[in-house]
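Undergrad: Pasting query.txt below, which is compact mmCIF, N, CA and C atoms.
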```txt
# COMPACT_ATOMS: atom_id res chain seq x y z
N MET A 1 -36.37 1.27 -24.63
CA MET A 1 -37.21 2.33 -24.17
C MET A 1 -38.66 2.11 -24.60
N ILE A 2 -38.86 1.29 -25.61
CA ILE A 2 -40.22 1.06 -26.07
C ILE A 2 -40.94 0.22 -25.04
N GLY A 3 -42.10 0.66 -24.63
CA GLY A 3 -42.89 -0.07 -23.66
C GLY A 3 -42.51 0.24 -22.22
N MET A 4 -41.65 1.25 -21.96
CA MET A 4 -41.26 1.62 -20.61
C MET A 4 -41.92 2.93 -20.22
N THR A 5 -42.17 3.05 -18.95
CA THR A 5 -42.66 4.33 -18.45
C THR A 5 -41.47 5.22 -18.15
N ILE A 6 -41.71 6.48 -17.90
CA ILE A 6 -40.62 7.43 -17.60
C ILE A 6 -39.93 7.04 -16.29
N ASP A 7 -40.69 6.60 -15.31
CA ASP A 7 -40.09 6.21 -14.03
C ASP A 7 -39.18 5.00 -14.18
N GLN A 8 -39.55 4.06 -15.03
CA GLN A 8 -38.70 2.90 -15.29
C GLN A 8 -37.43 3.33 -16.01
N ALA A 9 -37.54 4.26 -16.94
CA ALA A 9 -36.37 4.75 -17.67
C ALA A 9 -35.42 5.50 -16.75
N LYS A 10 -35.97 6.29 -15.82
CA LYS A 10 -35.12 7.03 -14.87
C LYS A 10 -34.37 6.07 -13.95
N GLY A 11 -34.97 4.94 -13.64
CA GLY A 11 -34.32 3.96 -12.77
C GLY A 11 -33.11 3.31 -13.40
N MET A 12 -32.94 3.43 -14.72
CA MET A 12 -31.80 2.83 -15.41
C MET A 12 -30.55 3.71 -15.33
N PHE A 13 -30.70 4.97 -14.95
CA PHE A 13 -29.58 5.89 -14.85
C PHE A 13 -29.15 6.02 -13.40
N PHE A 14 -27.91 6.40 -13.20
CA PHE A 14 -27.43 6.55 -11.83
C PHE A 14 -27.49 8.00 -11.40
N ASP A 15 -27.56 8.17 -10.11
CA ASP A 15 -27.59 9.50 -9.51
C ASP A 15 -26.14 9.96 -9.33
N ARG A 16 -25.73 10.95 -10.09
CA ARG A 16 -24.33 11.40 -10.09
C ARG A 16 -23.88 11.85 -8.71
N ALA A 17 -24.69 12.62 -8.00
CA ALA A 17 -24.31 13.11 -6.68
C ALA A 17 -24.11 11.96 -5.69
N LYS A 18 -24.96 10.95 -5.79
CA LYS A 18 -24.85 9.81 -4.90
C LYS A 18 -23.57 9.02 -5.16
N VAL A 19 -23.24 8.85 -6.43
CA VAL A 19 -22.04 8.10 -6.80
C VAL A 19 -20.78 8.86 -6.39
N THR A 20 -20.71 10.16 -6.69
CA THR A 20 -19.52 10.92 -6.32
C THR A 20 -19.38 11.01 -4.80
N GLY A 21 -20.50 11.09 -4.09
CA GLY A 21 -20.44 11.10 -2.62
C GLY A 21 -19.88 9.79 -2.09
N ALA A 22 -20.32 8.68 -2.67
CA ALA A 22 -19.82 7.37 -2.24
C ALA A 22 -18.34 7.22 -2.54
N VAL A 23 -17.90 7.71 -3.70
CA VAL A 23 -16.49 7.64 -4.07
C VAL A 23 -15.67 8.51 -3.13
N ASN A 24 -16.14 9.70 -2.81
CA ASN A 24 -15.40 10.59 -1.90
C ASN A 24 -15.28 9.99 -0.50
N ARG A 25 -16.34 9.38 -0.01
CA ARG A 25 -16.29 8.72 1.31
C ARG A 25 -15.30 7.56 1.30
N ALA A 26 -15.35 6.77 0.23
CA ALA A 26 -14.44 5.63 0.13
C ALA A 26 -13.00 6.10 0.03
N GLU A 27 -12.78 7.14 -0.74
CA GLU A 27 -11.42 7.69 -0.89
C GLU A 27 -10.88 8.17 0.45
N ARG A 28 -11.69 8.90 1.20
CA ARG A 28 -11.26 9.39 2.51
C ARG A 28 -10.96 8.23 3.45
N ARG A 29 -11.81 7.21 3.43
CA ARG A 29 -11.64 6.05 4.31
C ARG A 29 -10.38 5.26 3.95
N VAL A 30 -10.17 5.01 2.66
CA VAL A 30 -9.03 4.20 2.22
C VAL A 30 -7.71 4.95 2.47
N LEU A 31 -7.67 6.22 2.09
CA LEU A 31 -6.42 6.97 2.27
C LEU A 31 -6.12 7.20 3.74
N SER A 32 -7.14 7.38 4.57
CA SER A 32 -6.90 7.52 6.01
C SER A 32 -6.37 6.22 6.60
N ARG A 33 -6.91 5.10 6.19
CA ARG A 33 -6.39 3.81 6.67
C ARG A 33 -4.95 3.62 6.22
N PHE A 34 -4.66 3.96 4.95
CA PHE A 34 -3.30 3.83 4.44
C PHE A 34 -2.35 4.72 5.24
N GLY A 35 -2.76 5.94 5.50
CA GLY A 35 -1.93 6.85 6.31
C GLY A 35 -1.68 6.31 7.70
N ALA A 36 -2.71 5.72 8.30
CA ALA A 36 -2.55 5.15 9.64
C ALA A 36 -1.59 3.97 9.63
N PHE A 37 -1.67 3.14 8.60
CA PHE A 37 -0.77 1.98 8.52
C PHE A 37 0.68 2.42 8.30
N VAL A 38 0.90 3.41 7.44
CA VAL A 38 2.26 3.90 7.21
C VAL A 38 2.81 4.55 8.47
N ARG A 39 1.98 5.35 9.13
CA ARG A 39 2.41 5.99 10.39
C ARG A 39 2.81 4.94 11.41
N GLN A 40 1.98 3.91 11.58
CA GLN A 40 2.27 2.87 12.56
C GLN A 40 3.53 2.09 12.18
N GLY A 41 3.71 1.85 10.89
CA GLY A 41 4.92 1.16 10.45
C GLY A 41 6.17 1.97 10.71
N ALA A 42 6.09 3.28 10.49
CA ALA A 42 7.25 4.14 10.75
C ALA A 42 7.54 4.21 12.24
N ARG A 43 6.49 4.33 13.03
CA ARG A 43 6.67 4.40 14.49
C ARG A 43 7.28 3.10 15.03
N SER A 44 6.80 1.98 14.54
CA SER A 44 7.30 0.72 15.08
C SER A 44 8.71 0.39 14.60
N SER A 45 9.16 1.02 13.51
CA SER A 45 10.52 0.75 13.04
C SER A 45 11.56 1.49 13.87
N ILE A 46 11.14 2.53 14.58
CA ILE A 46 12.06 3.31 15.42
C ILE A 46 12.12 2.65 16.79
N ARG A 47 13.27 2.07 17.10
CA ARG A 47 13.44 1.36 18.37
C ARG A 47 14.00 2.28 19.43
N LYS A 48 13.56 2.08 20.67
CA LYS A 48 14.09 2.86 21.78
C LYS A 48 15.31 2.15 22.33
N ARG A 49 16.45 2.81 22.22
CA ARG A 49 17.71 2.26 22.71
C ARG A 49 18.69 3.39 22.92
N LYS A 50 19.73 3.13 23.65
CA LYS A 50 20.71 4.16 23.95
C LYS A 50 21.75 4.31 22.86
N SER A 51 22.03 3.24 22.13
CA SER A 51 23.08 3.30 21.10
C SER A 51 22.54 3.94 19.83
N VAL A 52 23.45 4.35 18.98
CA VAL A 52 23.11 4.97 17.70
C VAL A 52 22.85 3.86 16.69
N SER A 53 21.86 4.06 15.84
CA SER A 53 21.54 3.04 14.84
C SER A 53 22.56 3.08 13.70
N ALA A 54 22.65 2.01 12.98
CA ALA A 54 23.56 1.93 11.84
C ALA A 54 22.98 2.74 10.68
N PRO A 55 23.85 3.39 9.89
CA PRO A 55 23.35 4.12 8.73
C PRO A 55 22.61 3.18 7.78
N GLY A 56 21.48 3.63 7.28
CA GLY A 56 20.67 2.82 6.39
C GLY A 56 19.55 2.10 7.11
N SER A 57 19.62 2.02 8.44
CA SER A 57 18.55 1.40 9.22
C SER A 57 17.77 2.53 9.92
N PRO A 58 16.56 2.25 10.38
CA PRO A 58 15.78 3.31 11.05
C PRO A 58 16.52 3.86 12.26
N PRO A 59 16.26 5.13 12.58
CA PRO A 59 16.99 5.76 13.69
C PRO A 59 16.58 5.20 15.04
N SER A 60 17.45 5.37 16.00
CA SER A 60 17.13 5.01 17.39
C SER A 60 16.39 6.17 18.02
N SER A 61 15.55 5.84 18.97
CA SER A 61 14.82 6.87 19.71
C SER A 61 15.38 6.92 21.11
N HIS A 62 15.98 8.03 21.45
CA HIS A 62 16.56 8.17 22.77
C HIS A 62 15.56 8.78 23.75
N THR A 63 14.71 9.69 23.25
CA THR A 63 13.73 10.35 24.12
C THR A 63 12.29 10.00 23.76
N GLY A 64 12.06 9.44 22.59
CA GLY A 64 10.71 9.11 22.15
C GLY A 64 10.02 10.24 21.42
N LEU A 65 10.69 11.38 21.26
CA LEU A 65 10.08 12.55 20.63
C LEU A 65 9.76 12.31 19.16
N LEU A 66 10.67 11.70 18.43
CA LEU A 66 10.43 11.47 17.01
C LEU A 66 9.23 10.55 16.79
N LYS A 67 9.13 9.50 17.58
CA LYS A 67 8.00 8.56 17.45
C LYS A 67 6.67 9.26 17.72
N ARG A 68 6.65 10.13 18.72
CA ARG A 68 5.40 10.80 19.10
C ARG A 68 4.97 11.87 18.11
N THR A 69 5.87 12.33 17.26
CA THR A 69 5.52 13.43 16.36
C THR A 69 5.20 12.97 14.94
N ILE A 70 5.07 11.68 14.71
CA ILE A 70 4.70 11.19 13.38
C ILE A 70 3.17 11.13 13.31
N PHE A 71 2.60 11.87 12.35
CA PHE A 71 1.15 11.94 12.19
C PHE A 71 0.78 11.76 10.73
N PHE A 72 -0.52 11.67 10.47
CA PHE A 72 -1.03 11.69 9.10
C PHE A 72 -2.28 12.54 9.07
N VAL A 73 -2.58 13.10 7.91
CA VAL A 73 -3.79 13.88 7.74
C VAL A 73 -4.29 13.69 6.31
N TYR A 74 -5.58 13.53 6.17
CA TYR A 74 -6.20 13.43 4.84
C TYR A 74 -6.51 14.85 4.38
N GLU A 75 -6.09 15.19 3.17
CA GLU A 75 -6.30 16.51 2.60
C GLU A 75 -7.40 16.41 1.54
N PRO A 76 -8.63 16.85 1.85
CA PRO A 76 -9.74 16.67 0.90
C PRO A 76 -9.62 17.51 -0.37
N LYS A 77 -9.00 18.68 -0.30
CA LYS A 77 -8.90 19.53 -1.49
C LYS A 77 -8.05 18.89 -2.58
N THR A 78 -6.98 18.24 -2.18
CA THR A 78 -6.08 17.62 -3.16
C THR A 78 -6.26 16.11 -3.23
N SER A 79 -7.13 15.56 -2.41
CA SER A 79 -7.43 14.13 -2.38
C SER A 79 -6.18 13.28 -2.17
N ASN A 80 -5.40 13.63 -1.16
CA ASN A 80 -4.26 12.79 -0.82
C ASN A 80 -4.04 12.82 0.69
N VAL A 81 -3.13 11.99 1.13
CA VAL A 81 -2.83 11.89 2.55
C VAL A 81 -1.38 12.31 2.76
N ILE A 82 -1.16 13.09 3.81
CA ILE A 82 0.18 13.57 4.16
C ILE A 82 0.60 12.83 5.41
N ILE A 83 1.76 12.16 5.34
CA ILE A 83 2.23 11.33 6.44
C ILE A 83 3.65 11.75 6.76
N GLY A 84 3.94 11.96 8.03
CA GLY A 84 5.31 12.26 8.40
C GLY A 84 5.41 12.96 9.73
N PRO A 85 6.64 13.23 10.18
CA PRO A 85 6.83 13.91 11.45
C PRO A 85 6.57 15.41 11.30
N VAL A 86 6.05 16.01 12.36
CA VAL A 86 5.83 17.45 12.36
C VAL A 86 7.17 18.12 12.65
N LEU A 87 7.24 19.41 12.37
CA LEU A 87 8.46 20.15 12.65
C LEU A 87 8.69 20.20 14.15
N LEU A 88 9.92 20.00 14.56
CA LEU A 88 10.25 19.95 15.98
C LEU A 88 10.65 21.31 16.52
N GLY A 89 10.66 22.30 15.72
CA GLY A 89 11.04 23.64 16.13
C GLY A 89 11.35 24.47 14.91
N LYS A 90 11.59 25.73 15.13
CA LYS A 90 11.83 26.63 14.00
C LYS A 90 13.19 26.38 13.34
N ARG A 91 14.17 26.01 14.14
CA ARG A 91 15.52 25.94 13.60
C ARG A 91 16.03 24.54 13.32
N THR A 92 15.23 23.55 13.52
CA THR A 92 15.71 22.18 13.34
C THR A 92 15.06 21.50 12.14
N ASN A 93 15.83 20.73 11.47
CA ASN A 93 15.31 19.89 10.38
C ASN A 93 15.77 18.45 10.62
N ALA A 94 15.75 18.04 11.88
CA ALA A 94 16.24 16.72 12.27
C ALA A 94 15.53 15.57 11.57
N PRO A 95 14.19 15.56 11.46
CA PRO A 95 13.55 14.43 10.78
C PRO A 95 13.99 14.31 9.32
N GLU A 96 14.14 15.43 8.65
CA GLU A 96 14.60 15.40 7.26
C GLU A 96 16.04 14.90 7.17
N LEU A 97 16.88 15.33 8.09
CA LEU A 97 18.27 14.85 8.10
C LEU A 97 18.34 13.36 8.39
N LEU A 98 17.48 12.88 9.27
CA LEU A 98 17.48 11.44 9.55
C LEU A 98 17.02 10.64 8.34
N GLU A 99 16.00 11.12 7.65
CA GLU A 99 15.45 10.38 6.51
C GLU A 99 16.39 10.38 5.32
N HIS A 100 16.95 11.54 4.97
CA HIS A 100 17.72 11.67 3.73
C HIS A 100 19.22 11.88 3.93
N GLY A 101 19.62 12.24 5.13
CA GLY A 101 21.02 12.56 5.37
C GLY A 101 21.31 13.99 4.96
N GLY A 102 22.53 14.43 5.20
CA GLY A 102 22.93 15.79 4.82
C GLY A 102 23.83 16.39 5.86
N THR A 103 24.03 17.70 5.73
CA THR A 103 24.87 18.41 6.69
C THR A 103 24.06 19.49 7.37
N ALA A 104 24.46 19.80 8.59
CA ALA A 104 23.79 20.84 9.37
C ALA A 104 24.82 21.50 10.26
N THR A 105 24.54 22.73 10.61
CA THR A 105 25.40 23.47 11.53
C THR A 105 24.80 23.37 12.91
N ARG A 106 25.60 22.90 13.86
CA ARG A 106 25.15 22.76 15.24
C ARG A 106 25.92 23.73 16.12
N ARG A 107 25.28 24.17 17.19
CA ARG A 107 25.95 25.01 18.17
C ARG A 107 26.22 24.19 19.41
N ARG A 108 27.48 24.14 19.78
CA ARG A 108 27.88 23.42 20.99
C ARG A 108 28.84 24.32 21.78
N ARG A 109 28.45 24.63 22.97
CA ARG A 109 29.30 25.43 23.87
C ARG A 109 29.84 26.69 23.19
N LYS A 110 28.93 27.47 22.66
CA LYS A 110 29.24 28.77 22.03
C LYS A 110 30.06 28.64 20.76
N ARG A 111 30.21 27.44 20.23
CA ARG A 111 30.93 27.26 18.97
C ARG A 111 29.99 26.61 17.97
N ARG A 112 30.23 26.90 16.72
CA ARG A 112 29.45 26.27 15.66
C ARG A 112 30.27 25.15 15.06
N ALA A 113 29.61 24.04 14.84
CA ALA A 113 30.28 22.89 14.24
C ALA A 113 29.40 22.36 13.12
N ARG A 114 30.05 21.96 12.05
CA ARG A 114 29.33 21.38 10.91
C ARG A 114 29.29 19.87 11.10
N ALA A 115 28.07 19.32 11.09
CA ALA A 115 27.90 17.89 11.29
C ALA A 115 27.32 17.27 10.03
N THR A 116 27.81 16.09 9.68
CA THR A 116 27.30 15.35 8.53
C THR A 116 26.51 14.16 9.04
N TYR A 117 25.29 14.05 8.55
CA TYR A 117 24.41 12.96 8.95
C TYR A 117 24.26 11.98 7.79
N ARG A 118 24.40 10.71 8.07
CA ARG A 118 24.14 9.69 7.06
C ARG A 118 22.67 9.29 7.16
N PRO A 119 22.07 8.93 6.05
CA PRO A 119 20.63 8.66 6.08
C PRO A 119 20.26 7.44 6.92
N ARG A 120 19.18 7.63 7.67
CA ARG A 120 18.58 6.57 8.46
C ARG A 120 17.08 6.60 8.18
N PRO A 121 16.68 6.12 6.99
CA PRO A 121 15.28 6.27 6.56
C PRO A 121 14.31 5.48 7.42
N PHE A 122 13.18 6.11 7.69
CA PHE A 122 12.12 5.44 8.44
C PHE A 122 10.76 5.65 7.78
N MET A 123 10.53 6.76 7.11
CA MET A 123 9.23 7.00 6.45
C MET A 123 9.17 6.30 5.09
N GLY A 124 10.22 6.40 4.30
CA GLY A 124 10.24 5.78 2.98
C GLY A 124 10.03 4.27 3.02
N PRO A 125 10.78 3.55 3.86
CA PRO A 125 10.57 2.11 3.95
C PRO A 125 9.16 1.73 4.45
N ALA A 126 8.62 2.52 5.38
CA ALA A 126 7.26 2.23 5.86
C ALA A 126 6.26 2.41 4.73
N PHE A 127 6.43 3.45 3.93
CA PHE A 127 5.55 3.69 2.78
C PHE A 127 5.67 2.56 1.77
N GLU A 128 6.90 2.14 1.48
CA GLU A 128 7.12 1.07 0.50
C GLU A 128 6.53 -0.26 0.97
N ARG A 129 6.56 -0.53 2.29
CA ARG A 129 5.98 -1.77 2.81
C ARG A 129 4.46 -1.78 2.66
N GLU A 130 3.82 -0.63 2.81
CA GLU A 130 2.36 -0.57 2.78
C GLU A 130 1.79 -0.35 1.38
N GLN A 131 2.58 0.17 0.46
CA GLN A 131 2.08 0.51 -0.87
C GLN A 131 1.50 -0.69 -1.63
N PRO A 132 2.08 -1.89 -1.59
CA PRO A 132 1.46 -3.02 -2.29
C PRO A 132 0.08 -3.41 -1.76
N LYS A 133 -0.24 -3.02 -0.53
CA LYS A 133 -1.53 -3.35 0.06
C LYS A 133 -2.63 -2.38 -0.36
N LEU A 134 -2.27 -1.28 -0.99
CA LEU A 134 -3.24 -0.25 -1.34
C LEU A 134 -4.32 -0.71 -2.31
N PRO A 135 -4.00 -1.46 -3.38
CA PRO A 135 -5.08 -1.94 -4.27
C PRO A 135 -6.11 -2.81 -3.54
N GLN A 136 -5.65 -3.62 -2.60
CA GLN A 136 -6.58 -4.45 -1.83
C GLN A 136 -7.49 -3.58 -0.95
N MET A 137 -6.97 -2.48 -0.45
CA MET A 137 -7.78 -1.57 0.36
C MET A 137 -8.88 -0.92 -0.49
N TRP A 138 -8.57 -0.65 -1.76
CA TRP A 138 -9.55 -0.03 -2.65
C TRP A 138 -10.64 -1.00 -3.09
N ARG A 139 -10.31 -2.30 -3.09
CA ARG A 139 -11.27 -3.30 -3.58
C ARG A 139 -12.55 -3.24 -2.74
N ASP A 140 -13.67 -3.14 -3.42
CA ASP A 140 -15.01 -3.11 -2.80
C ASP A 140 -15.18 -1.98 -1.79
N SER A 141 -14.45 -0.88 -1.94
CA SER A 141 -14.56 0.22 -0.98
C SER A 141 -15.71 1.17 -1.30
N VAL A 142 -16.09 1.27 -2.57
CA VAL A 142 -17.18 2.17 -2.95
C VAL A 142 -18.50 1.41 -2.80
N ARG A 143 -19.35 1.93 -1.94
CA ARG A 143 -20.64 1.27 -1.69
C ARG A 143 -21.77 2.21 -1.92
```
Show this structure as structure tokens.

TA:
Amino acid sequence: MIGMTIDQAKGMFFDRAKVTGAVNRAERRVLSRFGAFVRQGARSSIRKRKSVSAPGSPPSSHTGLLKRTIFFVYEPKTSNVIIGPVLLGKRTNAPELLEHGGTATRRRRKRRARATYRPRPFMGPAFEREQPKLPQMWRDSVR
């Protein structure tokens, strides 16, 4: 500090608002890209075919509805990204049953039947495939 002017001394410190703004922009950009990659991976793992997929493999798409309802959104308040299928209706939990398995009550021809679903994960494997790439996405992202 000896022999420096005040303007030279101020130049040695960083502008906090500028740095946090750059970090917030980079965070939004990186997490949005990550969400897009996971969404695309989940969509591409669901194949369109008439037959039923094997348990443990991604589900088959008979109508294309599940593929079309997978979205992602960046949540700025919590600084994270939400990726997954939207609800298909008030009474259905089909995407959750496909991902994790479970039992559900179905109505068929005025009768109720209990159906057991074996897991056919599609979101978890897509997330696991993209997660190792996340540190590379963060590299040099703050400018």

Undergrad: When you draw a straight line from atom CA of A:Lys110 to atom CA of A:Gly89, how long is it in Å?

TA: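 We find that atom CA of A:Lys110 and atom CA of A:Gly89 lie 19.8 Å from each other.
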
Undergrad: Give me the residues within 8 Å of A:Val30 as a PyMOL selection string, counting only C-alpha atoms and dropping any in the same chain fewer than 6 places off.

TA: chain A and resi 137-138+141

Undergrad: Can those selected residues be exported to a file as a short mmCIF file (atom, residue, chain, number, x, y, z; two decimals), in the frame of the given file so that it contains N, CA and C atoms?

TA:
```
data_model
loop_
_atom_site.label_atom_id
_atom_site.label_comp_id
_atom_site.auth_asym_id
_atom_site.auth_seq_id
_atom_site.Cartn_x
_atom_site.Cartn_y
_atom_site.Cartn_z
N MET A 137 -6.97 -2.48 -0.45
CA MET A 137 -7.78 -1.57 0.36
C MET A 137 -8.88 -0.92 -0.49
N TRP A 138 -8.57 -0.65 -1.76
CA TRP A 138 -9.55 -0.03 -2.65
C TRP A 138 -10.64 -1.00 -3.09
N SER A 141 -14.45 -0.88 -1.94
CA SER A 141 -14.56 0.22 -0.98
C SER A 141 -15.71 1.17 -1.30
#
```

Undergrad: In terms of the shortest atom-to-atom distance over all atoms listed in the file, which of A:Ala94, A:Val23, A:Val73, A:Met123 is closest to A:Gly35?

TA: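 Residue with the minimum atom-to-atom distance to A:Gly35: A:Val73.
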
Undergrad: Report the distance between atom CA of A:Gln136 and atom CA of A:Phe34 in Å, rounded to one decimal place.

TA: 10.9 Å

Undergrad: With distances taken over all atoms listed in the file, which of A:His100, A:His62, A:Arg28, A:Arg106 is nearest to A:Pro76?

TA: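 Among A:His100, A:His62, A:Arg28, A:Arg106, it is A:Arg28 that comes nearest to A:Pro76.
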
Undergrad: Skipping near chain neighbours, those fewer than 6 positions away, what residues fall within 7 Å of A:Thr116 using only N, CA and C atoms, listed as a list of chain:residue names?

TA: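 With the cut-off at 7 Å, the set is A:Gly101, A:Gly102, A:Thr103, A:Ala104.
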
Undergrad: What residues in stretch 65-127 of chain A get the DSSP label alpha helix (DSSP H)? Please answer as an MDAnalysis selection string.

TA: chainID A and resid 65:68 94:100 123:127
